[in-house]
Protein chains: 2
Amino acid sequence: MKYSKATNYALHTMLFLVAYAPDKPVGVQQLAERQNVSPTYLSKILTKLVKAGLVESASGANGGYRLRRRKEEISFLDIIHAIEGTASLFDCTLNHSSECLIQQEMVKAEGQMEEYLRNKMMSELAGKLTESH
Amino acid sequence: MKYSKATNYALHTMLFLVAYAPDKPVGVQQLAERQNVSPTYLSKILTKLVKAGLVESASGANGGYRLRRRKEEISFLDIIHAIEGTASLFDCTLNHSSECLIQQEMVKAEGQMEEYLRNKMMSELAGKLTESH
DNA sequence: TATATTATAGATAAATAAAGTCTTTGATTA
DNA sequence: TAATCAAAGACTTTATTTATCTATAATATA
Ligand code: SF4
Ligand code: SF4
């Protein structure tokens, strides 16, 4: 079980937008170069972020992506859910009713992680950023 | 990102051993039937549990698997780590030093989940088990 | 000792998921 | 109109997970 690389790309992209982006949109080209990932692949990730309402896009010349919310209102969990989806990490195919003891505990455990991520906002990292990161 | 089915099998196997197993070992055949999984596949999972010190095995007639610790001393996390390994869920290949802000937060978040799983013991579930589960 | 029983290990195959590419379309600006 | 940029779909490649098959080793008991 691993977080996908797509999630890594998404987090870095968001962090960049939060930390450095001015008002004008940033193109996928520029975002991709910073991360050594192909623009076409990153664009699919960005489209997910758009659909999740985290960023907005503009086509055409001078287009690109920009944040749609204030950095105080964007959590790690928002970004992760946009990429990984919101399904439980532990989903037993045989659904032995809601009383399933194992699943209950696994979901609670996951909830602990999510709570941390829900409360960790982009704004908290933006200030601490150094050049190389 | 999903927990593997192997982890599911491992949790069910351990729960069964905790709840029903007498002193004599249980064969992989029997364990596999309950879960509709092939004995050979389950046996590799069990071997991991053996190597993690959670169960012990005995070859030969009347052999099989039995718990190696008291149920109060077996945590969800023990079992999950035995199967999934202990590496971080978020591992950026480019290791930008230990000061990496993103990784730091992701590891902390994961730590919250692990803490819950570390404190959740098999003994807590054993009593609540119903027939069908 | 011989035989049946059971776990361990390794190679391999099949299935699934993730990562990445290519190409077309559509929107926007200058 | 021409250049620029995002969105979408089909597709390929790679990696991981799941599962099977076979051979070997250990043990009990008849
Ligand atoms: S007990 Fe829960 S996890 Fe196990 S098979 Fe039933 S529903 Fe699935
Ligand atoms: S900032 Fe952290 S997560 Fe990002 S590339 Fe550097 S080490 Fe990896």
# chains A, B, ... in the order shown; residues from 1 in each chain; ligands from 1
call {"tool": "interface_residues", "arguments": {"of": "chain A", "to": "chain B", "cutoff": "7 Å", "atoms": "only C-alpha atoms", "output": "NGL selection string"}}
result
:A and (1-4 or 84 or 89-90 or 101 or 109-110 or 112-113 or 116-117 or 125)
call {"tool": "calpha_fit_and_write", "arguments": {"fixed": "chain B", "moving": "chain A", "output": "PDB file with C-alpha atoms, in the first residue's frame"}}
result
ATOM      1  CA  MET A   1      -4.127   3.319  -2.455  1.00  0.00           C
ATOM      2  CA  LYS A   2      -5.681   0.271  -0.885  1.00  0.00           C
ATOM      3  CA  TYR A   3      -4.831  -2.260   1.754  1.00  0.00           C
ATOM      4  CA  SER A   4      -4.014  -5.484  -0.037  1.00  0.00           C
ATOM      5  CA  LYS A   5      -6.261  -8.498   0.093  1.00  0.00           C
ATOM      6  CA  ALA A   6      -3.375 -10.287   1.745  1.00  0.00           C
ATOM      7  CA  THR A   7      -3.817  -7.997   4.740  1.00  0.00           C
ATOM      8  CA  ASN A   8      -7.479  -8.840   4.826  1.00  0.00           C
ATOM      9  CA  TYR A   9      -6.684 -12.562   4.831  1.00  0.00           C
ATOM     10  CA  ALA A  10      -4.091 -12.101   7.543  1.00  0.00           C
ATOM     11  CA  LEU A  11      -6.450 -10.187   9.805  1.00  0.00           C
ATOM     12  CA  HIS A  12      -9.181 -12.774   9.412  1.00  0.00           C
ATOM     13  CA  THR A  13      -6.793 -15.625  10.013  1.00  0.00           C
ATOM     14  CA  MET A  14      -5.452 -14.055  13.168  1.00  0.00           C
ATOM     15  CA  LEU A  15      -8.889 -13.226  14.402  1.00  0.00           C
ATOM     16  CA  PHE A  16      -9.961 -16.810  13.882  1.00  0.00           C
ATOM     17  CA  LEU A  17      -6.937 -18.151  15.694  1.00  0.00           C
ATOM     18  CA  VAL A  18      -7.589 -15.791  18.558  1.00  0.00           C
ATOM     19  CA  ALA A  19     -11.263 -16.511  18.808  1.00  0.00           C
ATOM     20  CA  TYR A  20     -11.573 -20.212  18.197  1.00  0.00           C
ATOM     21  CA  ALA A  21      -8.209 -21.904  18.185  1.00  0.00           C
ATOM     22  CA  PRO A  22      -7.574 -24.401  20.887  1.00  0.00           C
ATOM     23  CA  ASP A  23      -4.089 -25.397  21.883  1.00  0.00           C
ATOM     24  CA  LYS A  24      -3.519 -27.690  18.965  1.00  0.00           C
ATOM     25  CA  PRO A  25      -2.343 -26.164  15.694  1.00  0.00           C
ATOM     26  CA  VAL A  26      -4.731 -25.441  12.832  1.00  0.00           C
ATOM     27  CA  GLY A  27      -3.836 -26.449   9.286  1.00  0.00           C
ATOM     28  CA  VAL A  28      -3.726 -24.017   6.410  1.00  0.00           C
ATOM     29  CA  GLN A  29      -6.356 -26.105   4.657  1.00  0.00           C
ATOM     30  CA  GLN A  30      -8.964 -25.316   7.271  1.00  0.00           C
ATOM     31  CA  LEU A  31      -7.983 -21.662   7.473  1.00  0.00           C
ATOM     32  CA  ALA A  32      -8.172 -21.282   3.720  1.00  0.00           C
ATOM     33  CA  GLU A  33     -11.586 -22.878   3.386  1.00  0.00           C
ATOM     34  CA  ARG A  34     -13.168 -20.385   5.753  1.00  0.00           C
ATOM     35  CA  GLN A  35     -11.986 -17.529   3.575  1.00  0.00           C
ATOM     36  CA  ASN A  36     -12.386 -18.965   0.106  1.00  0.00           C
ATOM     37  CA  VAL A  37      -8.755 -18.538  -0.724  1.00  0.00           C
ATOM     38  CA  SER A  38      -6.349 -21.126  -2.045  1.00  0.00           C
ATOM     39  CA  PRO A  39      -4.270 -22.888   0.602  1.00  0.00           C
ATOM     40  CA  THR A  40      -1.015 -22.274  -1.218  1.00  0.00           C
ATOM     41  CA  TYR A  41      -1.588 -18.566  -1.377  1.00  0.00           C
ATOM     42  CA  LEU A  42      -2.668 -18.323   2.220  1.00  0.00           C
ATOM     43  CA  SER A  43       0.382 -20.276   3.227  1.00  0.00           C
ATOM     44  CA  LYS A  44       2.663 -17.550   1.972  1.00  0.00           C
ATOM     45  CA  ILE A  45       0.760 -15.050   4.026  1.00  0.00           C
ATOM     46  CA  LEU A  46       1.039 -17.294   7.048  1.00  0.00           C
ATOM     47  CA  THR A  47       4.754 -17.628   6.523  1.00  0.00           C
ATOM     48  CA  LYS A  48       5.011 -13.858   6.809  1.00  0.00           C
ATOM     49  CA  LEU A  49       3.128 -13.985  10.078  1.00  0.00           C
ATOM     50  CA  VAL A  50       5.509 -16.671  11.291  1.00  0.00           C
ATOM     51  CA  LYS A  51       8.522 -14.572  10.389  1.00  0.00           C
ATOM     52  CA  ALA A  52       7.013 -11.636  12.215  1.00  0.00           C
ATOM     53  CA  GLY A  53       6.779 -13.784  15.309  1.00  0.00           C
ATOM     54  CA  LEU A  54       3.007 -13.623  15.538  1.00  0.00           C
ATOM     55  CA  VAL A  55       2.308 -17.300  14.977  1.00  0.00           C
ATOM     56  CA  GLU A  56       4.360 -20.456  15.069  1.00  0.00           C
ATOM     57  CA  SER A  57       4.209 -23.360  12.698  1.00  0.00           C
ATOM     58  CA  ALA A  58       4.687 -27.090  13.007  1.00  0.00           C
ATOM     59  CA  SER A  59       5.349 -29.404  10.097  1.00  0.00           C
ATOM     60  CA  GLY A  60       4.177 -32.944   9.771  1.00  0.00           C
ATOM     61  CA  ALA A  61       1.077 -34.755  10.857  1.00  0.00           C
ATOM     62  CA  ASN A  62      -1.035 -32.794  13.334  1.00  0.00           C
ATOM     63  CA  GLY A  63       0.989 -29.781  12.424  1.00  0.00           C
ATOM     64  CA  GLY A  64      -0.292 -26.348  11.472  1.00  0.00           C
ATOM     65  CA  TYR A  65      -0.293 -22.895  12.939  1.00  0.00           C
ATOM     66  CA  ARG A  66      -0.931 -21.551  16.391  1.00  0.00           C
ATOM     67  CA  LEU A  67      -0.582 -18.201  18.099  1.00  0.00           C
ATOM     68  CA  ARG A  68       2.735 -17.336  19.596  1.00  0.00           C
ATOM     69  CA  ARG A  69       1.541 -14.529  21.827  1.00  0.00           C
ATOM     70  CA  ARG A  70      -1.390 -13.877  24.067  1.00  0.00           C
ATOM     71  CA  LYS A  71      -4.241 -12.155  22.297  1.00  0.00           C
ATOM     72  CA  GLU A  72      -3.781  -9.127  24.532  1.00  0.00           C
ATOM     73  CA  GLU A  73      -0.365  -8.675  22.990  1.00  0.00           C
ATOM     74  CA  ILE A  74      -1.249  -8.858  19.307  1.00  0.00           C
ATOM     75  CA  SER A  75      -2.170  -5.558  17.709  1.00  0.00           C
ATOM     76  CA  PHE A  76      -3.716  -4.747  14.356  1.00  0.00           C
ATOM     77  CA  LEU A  77      -0.531  -2.917  13.521  1.00  0.00           C
ATOM     78  CA  ASP A  78       1.583  -6.014  14.175  1.00  0.00           C
ATOM     79  CA  ILE A  79      -0.401  -7.916  11.597  1.00  0.00           C
ATOM     80  CA  ILE A  80      -0.527  -5.132   9.050  1.00  0.00           C
ATOM     81  CA  HIS A  81       3.186  -4.468   9.297  1.00  0.00           C
ATOM     82  CA  ALA A  82       3.907  -8.162   8.883  1.00  0.00           C
ATOM     83  CA  ILE A  83       2.112  -8.144   5.544  1.00  0.00           C
ATOM     84  CA  GLU A  84       2.510  -4.652   4.148  1.00  0.00           C
ATOM     85  CA  GLY A  85       5.939  -3.895   5.539  1.00  0.00           C
ATOM     86  CA  THR A  86       6.873  -0.894   7.588  1.00  0.00           C
ATOM     87  CA  ALA A  87       7.878   1.582   4.905  1.00  0.00           C
ATOM     88  CA  SER A  88       6.194   4.941   4.843  1.00  0.00           C
ATOM     89  CA  LEU A  89       3.047   5.196   2.741  1.00  0.00           C
ATOM     90  CA  PHE A  90       4.419   8.334   1.192  1.00  0.00           C
ATOM     91  CA  ASP A  91       7.949   7.943  -0.007  1.00  0.00           C
ATOM     92  CA  CYS A  92       9.245  10.601  -2.295  1.00  0.00           C
ATOM     93  CA  THR A  93      12.082   9.179  -4.351  1.00  0.00           C
ATOM     94  CA  LEU A  94      13.887  12.494  -4.437  1.00  0.00           C
ATOM     95  CA  ASN A  95      14.894  12.740  -0.837  1.00  0.00           C
ATOM     96  CA  HIS A  96      15.311  16.445  -0.301  1.00  0.00           C
ATOM     97  CA  SER A  97      16.823  16.016   3.116  1.00  0.00           C
ATOM     98  CA  SER A  98      14.962  15.399   6.324  1.00  0.00           C
ATOM     99  CA  GLU A  99      13.540  18.869   6.205  1.00  0.00           C
ATOM    100  CA  CYS A 100      11.057  17.974   3.521  1.00  0.00           C
ATOM    101  CA  LEU A 101       7.847  19.608   4.628  1.00  0.00           C
ATOM    102  CA  ILE A 102       5.451  17.485   2.660  1.00  0.00           C
ATOM    103  CA  GLN A 103       6.942  14.196   3.726  1.00  0.00           C
ATOM    104  CA  GLN A 104       7.061  15.310   7.338  1.00  0.00           C
ATOM    105  CA  GLU A 105       3.368  15.975   7.390  1.00  0.00           C
ATOM    106  CA  MET A 106       2.472  12.811   5.559  1.00  0.00           C
ATOM    107  CA  VAL A 107       4.507  10.739   7.972  1.00  0.00           C
ATOM    108  CA  LYS A 108       2.840  12.425  10.927  1.00  0.00           C
ATOM    109  CA  ALA A 109      -0.566  11.713   9.468  1.00  0.00           C
ATOM    110  CA  GLU A 110       0.292   8.104   8.952  1.00  0.00           C
ATOM    111  CA  GLY A 111       1.546   8.017  12.508  1.00  0.00           C
ATOM    112  CA  GLN A 112      -1.931   8.887  13.715  1.00  0.00           C
ATOM    113  CA  MET A 113      -3.378   5.892  11.976  1.00  0.00           C
ATOM    114  CA  GLU A 114      -0.608   3.656  13.235  1.00  0.00           C
ATOM    115  CA  GLU A 115      -1.111   4.791  16.780  1.00  0.00           C
ATOM    116  CA  TYR A 116      -4.701   3.695  16.656  1.00  0.00           C
ATOM    117  CA  LEU A 117      -3.776   0.359  15.134  1.00  0.00           C
ATOM    118  CA  ARG A 118      -0.950  -0.161  17.612  1.00  0.00           C
ATOM    119  CA  ASN A 119      -3.347   0.162  20.503  1.00  0.00           C
ATOM    120  CA  LYS A 120      -6.100  -1.964  19.045  1.00  0.00           C
ATOM    121  CA  MET A 121      -5.551  -5.518  20.242  1.00  0.00           C
ATOM    122  CA  MET A 122      -6.993  -8.741  18.963  1.00  0.00           C
ATOM    123  CA  SER A 123      -8.377  -9.433  22.412  1.00  0.00           C
ATOM    124  CA  GLU A 124     -10.776  -6.525  22.033  1.00  0.00           C
ATOM    125  CA  LEU A 125     -12.467  -8.128  19.062  1.00  0.00           C
ATOM    126  CA  ALA A 126     -12.380 -11.739  20.162  1.00  0.00           C
ATOM    127  CA  GLY A 127     -15.173 -11.377  22.662  1.00  0.00           C
ATOM    128  CA  LYS A 128     -17.495  -9.592  20.280  1.00  0.00           C
ATOM    129  CA  LEU A 129     -17.333 -12.163  17.531  1.00  0.00           C
ATOM    130  CA  THR A 130     -20.536 -13.614  16.187  1.00  0.00           C
ATOM    131  CA  GLU A 131     -20.915 -16.887  14.364  1.00  0.00           C
ATOM    132  CA  SER A 132     -20.986 -15.528  10.828  1.00  0.00           C
ATOM    133  CA  HIS A 133     -17.999 -13.283  11.347  1.00  0.00           C
TER     134      HIS A 133
END
call {"tool": "closest_atom_pairs", "arguments": {"of": "chain D", "to": "chain B", "cutoff": "9 Å", "atoms": "only C-alpha atoms (C1' of nucleotides)", "output": "CSV"}}
result
residue,atom,partner,partner_atom,distance
D:DT17,C1',B:Ser4,CA,7.7
D:DT18,C1',B:Tyr41,CA,8.4
D:DA19,C1',B:Tyr41,CA,6.6
D:DT20,C1',B:Thr40,CA,8.1
D:DA26,C1',B:Ser59,CA,5.5
D:DT27,C1',B:Gly60,CA,4.0
D:DA28,C1',B:Ala61,CA,5.2
D:DT29,C1',B:Ala61,CA,8.4
call {"tool": "write_last_selection", "arguments": {"atoms": "all heavy atoms", "output": "short mmCIF file (atom, residue, chain, number, x, y, z; two decimals), in the first residue's frame"}}
result
data_model
loop_
_atom_site.label_atom_id
_atom_site.label_comp_id
_atom_site.auth_asym_id
_atom_site.auth_seq_id
_atom_site.Cartn_x
_atom_site.Cartn_y
_atom_site.Cartn_z
P DT D 17 2.04 -4.19 -4.04
OP1 DT D 17 1.56 -3.29 -2.99
OP2 DT D 17 3.27 -5.00 -3.85
"O5'" DT D 17 0.85 -5.21 -4.41
"C5'" DT D 17 -0.28 -4.72 -5.12
"C4'" DT D 17 -1.16 -5.87 -5.53
"O4'" DT D 17 -0.62 -6.53 -6.69
"C3'" DT D 17 -1.36 -6.95 -4.47
"O3'" DT D 17 -2.75 -7.11 -4.32
"C2'" DT D 17 -0.63 -8.16 -5.05
"C1'" DT D 17 -0.77 -7.92 -6.54
N1 DT D 17 0.23 -8.53 -7.46
C2 DT D 17 -0.21 -9.23 -8.56
O2 DT D 17 -1.39 -9.40 -8.81
N3 DT D 17 0.79 -9.72 -9.37
C4 DT D 17 2.15 -9.58 -9.19
O4 DT D 17 2.94 -10.07 -9.98
C5 DT D 17 2.54 -8.84 -8.02
C7 DT D 17 3.99 -8.63 -7.75
C6 DT D 17 1.57 -8.35 -7.22
P DT D 18 -3.36 -8.14 -3.25
OP1 DT D 18 -4.70 -7.66 -2.89
OP2 DT D 18 -2.36 -8.43 -2.22
"O5'" DT D 18 -3.56 -9.45 -4.16
"C5'" DT D 18 -4.43 -9.37 -5.28
"C4'" DT D 18 -4.40 -10.69 -6.03
"O4'" DT D 18 -3.13 -10.86 -6.66
"C3'" DT D 18 -4.61 -11.92 -5.14
"O3'" DT D 18 -5.76 -12.57 -5.63
"C2'" DT D 18 -3.33 -12.72 -5.31
"C1'" DT D 18 -2.81 -12.23 -6.66
N1 DT D 18 -1.36 -12.34 -6.90
C2 DT D 18 -0.89 -12.92 -8.06
O2 DT D 18 -1.63 -13.38 -8.91
N3 DT D 18 0.48 -12.95 -8.19
C4 DT D 18 1.42 -12.46 -7.30
O4 DT D 18 2.62 -12.55 -7.53
C5 DT D 18 0.86 -11.86 -6.10
C7 DT D 18 1.80 -11.30 -5.07
C6 DT D 18 -0.47 -11.83 -5.96
P DA D 19 -6.32 -13.88 -4.85
OP1 DA D 19 -7.76 -14.01 -5.13
OP2 DA D 19 -5.84 -13.86 -3.46
"O5'" DA D 19 -5.58 -15.04 -5.63
"C5'" DA D 19 -5.75 -15.15 -7.04
"C4'" DA D 19 -4.78 -16.17 -7.61
"O4'" DA D 19 -3.43 -15.69 -7.50
"C3'" DA D 19 -4.78 -17.52 -6.88
"O3'" DA D 19 -5.45 -18.44 -7.71
"C2'" DA D 19 -3.30 -17.84 -6.68
"C1'" DA D 19 -2.60 -16.82 -7.56
N9 DA D 19 -1.27 -16.42 -7.10
C8 DA D 19 -0.94 -15.75 -5.95
N7 DA D 19 0.35 -15.53 -5.82
C5 DA D 19 0.90 -16.09 -6.95
C6 DA D 19 2.23 -16.21 -7.40
N6 DA D 19 3.29 -15.72 -6.73
N1 DA D 19 2.44 -16.84 -8.58
C2 DA D 19 1.39 -17.33 -9.24
N3 DA D 19 0.10 -17.29 -8.93
C4 DA D 19 -0.08 -16.65 -7.75
P DT D 20 -5.56 -19.94 -7.22
OP1 DT D 20 -6.82 -20.44 -7.80
OP2 DT D 20 -5.28 -20.06 -5.78
"O5'" DT D 20 -4.34 -20.60 -8.02
"C5'" DT D 20 -4.21 -20.33 -9.41
"C4'" DT D 20 -2.97 -21.05 -9.95
"O4'" DT D 20 -1.78 -20.40 -9.46
"C3'" DT D 20 -2.86 -22.52 -9.54
"O3'" DT D 20 -2.73 -23.29 -10.73
"C2'" DT D 20 -1.59 -22.58 -8.68
"C1'" DT D 20 -0.81 -21.37 -9.19
N1 DT D 20 0.14 -20.79 -8.21
C2 DT D 20 1.46 -20.73 -8.54
O2 DT D 20 1.91 -21.15 -9.58
N3 DT D 20 2.27 -20.15 -7.58
C4 DT D 20 1.87 -19.63 -6.37
O4 DT D 20 2.68 -19.13 -5.60
C5 DT D 20 0.45 -19.72 -6.08
C7 DT D 20 -0.08 -19.19 -4.80
C6 DT D 20 -0.33 -20.29 -7.01
P DA D 26 14.89 -29.94 7.05
OP1 DA D 26 15.72 -28.89 7.68
OP2 DA D 26 15.44 -31.26 6.70
"O5'" DA D 26 13.62 -30.20 7.98
"C5'" DA D 26 12.77 -29.11 8.31
"C4'" DA D 26 11.50 -29.66 8.91
"O4'" DA D 26 10.78 -30.40 7.90
"C3'" DA D 26 11.71 -30.61 10.09
"O3'" DA D 26 10.97 -30.13 11.18
"C2'" DA D 26 11.21 -31.96 9.58
"C1'" DA D 26 10.21 -31.54 8.50
N9 DA D 26 9.97 -32.50 7.42
C8 DA D 26 10.89 -33.05 6.56
N7 DA D 26 10.37 -33.86 5.67
C5 DA D 26 9.02 -33.84 5.96
C6 DA D 26 7.91 -34.51 5.38
N6 DA D 26 8.00 -35.34 4.35
N1 DA D 26 6.69 -34.27 5.92
C2 DA D 26 6.60 -33.43 6.96
N3 DA D 26 7.56 -32.76 7.59
C4 DA D 26 8.75 -33.01 7.04
P DT D 27 11.19 -30.65 12.65
OP1 DT D 27 10.94 -29.54 13.58
OP2 DT D 27 12.47 -31.39 12.65
"O5'" DT D 27 10.03 -31.71 12.85
"C5'" DT D 27 8.68 -31.27 12.72
"C4'" DT D 27 7.76 -32.45 12.63
"O4'" DT D 27 7.92 -33.13 11.38
"C3'" DT D 27 7.98 -33.52 13.70
"O3'" DT D 27 6.92 -33.39 14.62
"C2'" DT D 27 7.96 -34.84 12.93
"C1'" DT D 27 7.40 -34.42 11.57
N1 DT D 27 7.79 -35.21 10.38
C2 DT D 27 6.81 -35.85 9.67
O2 DT D 27 5.63 -35.80 9.98
N3 DT D 27 7.24 -36.55 8.57
C4 DT D 27 8.55 -36.68 8.13
O4 DT D 27 8.81 -37.33 7.13
C5 DT D 27 9.53 -35.98 8.92
C7 DT D 27 10.97 -36.06 8.52
C6 DT D 27 9.12 -35.29 10.00
P DA D 28 6.83 -34.25 15.94
OP1 DA D 28 6.30 -33.39 17.02
OP2 DA D 28 8.09 -34.98 16.13
"O5'" DA D 28 5.70 -35.30 15.56
"C5'" DA D 28 4.41 -34.82 15.18
"C4'" DA D 28 3.60 -35.97 14.62
"O4'" DA D 28 4.24 -36.45 13.41
"C3'" DA D 28 3.47 -37.16 15.56
"O3'" DA D 28 2.10 -37.51 15.63
"C2'" DA D 28 4.32 -38.24 14.92
"C1'" DA D 28 4.28 -37.87 13.44
N9 DA D 28 5.45 -38.25 12.65
C8 DA D 28 6.77 -37.97 12.91
N7 DA D 28 7.61 -38.41 12.01
C5 DA D 28 6.79 -39.03 11.08
C6 DA D 28 7.06 -39.72 9.87
N6 DA D 28 8.29 -39.88 9.38
N1 DA D 28 6.00 -40.21 9.18
C2 DA D 28 4.77 -40.03 9.67
N3 DA D 28 4.38 -39.41 10.79
C4 DA D 28 5.45 -38.93 11.46
P DT D 29 1.57 -38.47 16.75
OP1 DT D 29 0.23 -38.01 17.15
OP2 DT D 29 2.62 -38.66 17.76
"O5'" DT D 29 1.44 -39.84 15.93
"C5'" DT D 29 0.66 -39.86 14.74
"C4'" DT D 29 0.76 -41.24 14.09
"O4'" DT D 29 1.93 -41.31 13.24
"C3'" DT D 29 0.93 -42.37 15.11
"O3'" DT D 29 0.42 -43.59 14.58
"C2'" DT D 29 2.42 -42.52 15.16
"C1'" DT D 29 2.67 -42.44 13.64
N1 DT D 29 4.08 -42.29 13.24
C2 DT D 29 4.46 -42.74 11.99
O2 DT D 29 3.69 -43.23 11.21
N3 DT D 29 5.79 -42.58 11.70
C4 DT D 29 6.76 -42.03 12.53
O4 DT D 29 7.92 -41.94 12.16
C5 DT D 29 6.29 -41.58 13.81
C7 DT D 29 7.26 -40.99 14.79
C6 DT D 29 4.99 -41.74 14.11
#
call {"tool": "atom_distance", "arguments": {"atom1": "C1' of DT16 in chain D", "atom2": "atom 1 (S, counted along the ligand's line) of ligand 1"}}
result
25.7 Å
call {"tool": "atom_distance", "arguments": {"atom1": "C1' of DA23 in chain D", "atom2": "C1' of DA4 in chain C"}}
result
17.2 Å
call {"tool": "closest_atom_pairs", "arguments": {"of": "chain C", "to": "chain A", "cutoff": "12 Å", "atoms": "only C-alpha atoms (C1' of nucleotides)", "output": "JSON lines"}}
result
{"residue": "C:DA17", "atom": "C1'", "partner": "A:Ser4", "partner_atom": "CA", "distance": 10.6}
{"residue": "C:DA18", "atom": "C1'", "partner": "A:Ser4", "partner_atom": "CA", "distance": 7.6}
{"residue": "C:DA19", "atom": "C1'", "partner": "A:Lys5", "partner_atom": "CA", "distance": 8.3}
{"residue": "C:DG20", "atom": "C1'", "partner": "A:Tyr41", "partner_atom": "CA", "distance": 6.5}
{"residue": "C:DT21", "atom": "C1'", "partner": "A:Thr40", "partner_atom": "CA", "distance": 8.0}
{"residue": "C:DC22", "atom": "C1'", "partner": "A:Thr40", "partner_atom": "CA", "distance": 9.5}
{"residue": "C:DT23", "atom": "C1'", "partner": "A:Thr40", "partner_atom": "CA", "distance": 11.3}
{"residue": "C:DG26", "atom": "C1'", "partner": "A:Ser59", "partner_atom": "CA", "distance": 9.1}
{"residue": "C:DA27", "atom": "C1'", "partner": "A:Ser59", "partner_atom": "CA", "distance": 5.6}
{"residue": "C:DT28", "atom": "C1'", "partner": "A:Gly60", "partner_atom": "CA", "distance": 4.0}
{"residue": "C:DT29", "atom": "C1'", "partner": "A:Ala61", "partner_atom": "CA", "distance": 5.2}
{"residue": "C:DA30", "atom": "C1'", "partner": "A:Ala61", "partner_atom": "CA", "distance": 8.3}
call {"tool": "select_by_dssp", "arguments": {"residues": "range 50-102 of chain A", "states": "strand (DSSP E or B)", "output": "CSV table (one decimal) with N, CA, C and O atoms, in the first residue's frame"}}
result
chain,number,residue,atom,x,y,z
A,55,VAL,N,-8.6,24.1,-7.9
A,55,VAL,CA,-8.0,25.1,-8.8
A,55,VAL,C,-9.0,25.4,-9.9
A,55,VAL,O,-9.9,24.6,-10.1
A,56,GLU,N,-8.7,26.5,-10.6
A,56,GLU,CA,-9.5,26.7,-11.8
A,56,GLU,C,-8.6,26.9,-13.0
A,56,GLU,O,-7.4,27.2,-12.9
A,57,SER,N,-9.1,26.6,-14.1
A,57,SER,CA,-8.3,26.6,-15.3
A,57,SER,C,-8.8,27.6,-16.3
A,57,SER,O,-10.0,27.9,-16.3
A,58,ALA,N,-7.9,28.0,-17.2
A,58,ALA,CA,-8.3,28.9,-18.3
A,58,ALA,C,-7.6,28.5,-19.5
A,58,ALA,O,-6.4,28.3,-19.6
A,64,GLY,N,-4.0,28.8,-18.1
A,64,GLY,CA,-3.3,28.0,-17.1
A,64,GLY,C,-4.1,27.7,-15.9
A,64,GLY,O,-5.4,27.7,-16.0
A,65,TYR,N,-3.4,27.5,-14.8
A,65,TYR,CA,-4.2,27.1,-13.6
A,65,TYR,C,-3.9,28.1,-12.5
A,65,TYR,O,-2.8,28.7,-12.4
A,66,ARG,N,-4.9,28.4,-11.7
A,66,ARG,CA,-4.7,29.2,-10.5
A,66,ARG,C,-5.6,28.6,-9.4
A,66,ARG,O,-6.6,27.9,-9.6
A,67,LEU,N,-5.2,29.0,-8.2
A,67,LEU,CA,-6.0,28.5,-7.0
A,67,LEU,C,-7.4,29.1,-7.0
A,67,LEU,O,-7.7,30.2,-7.5
A,75,SER,N,-6.8,22.0,2.4
A,75,SER,CA,-6.2,21.0,3.3
A,75,SER,C,-5.4,19.9,2.5
A,75,SER,O,-5.7,19.7,1.3
call {"tool": "atom_distance", "arguments": {"atom1": "C1' of DC21 in chain D", "atom2": "C1' of DA9 in chain C"}}
result
12.3 Å
call {"tool": "select_by_dssp", "arguments": {"residues": "range 11-118 of chain A", "states": "alpha helix (DSSP H)", "output": "PyMOL selection string"}}
result
chain A and resi 11-20+28-35+39-51+76-84+101-118
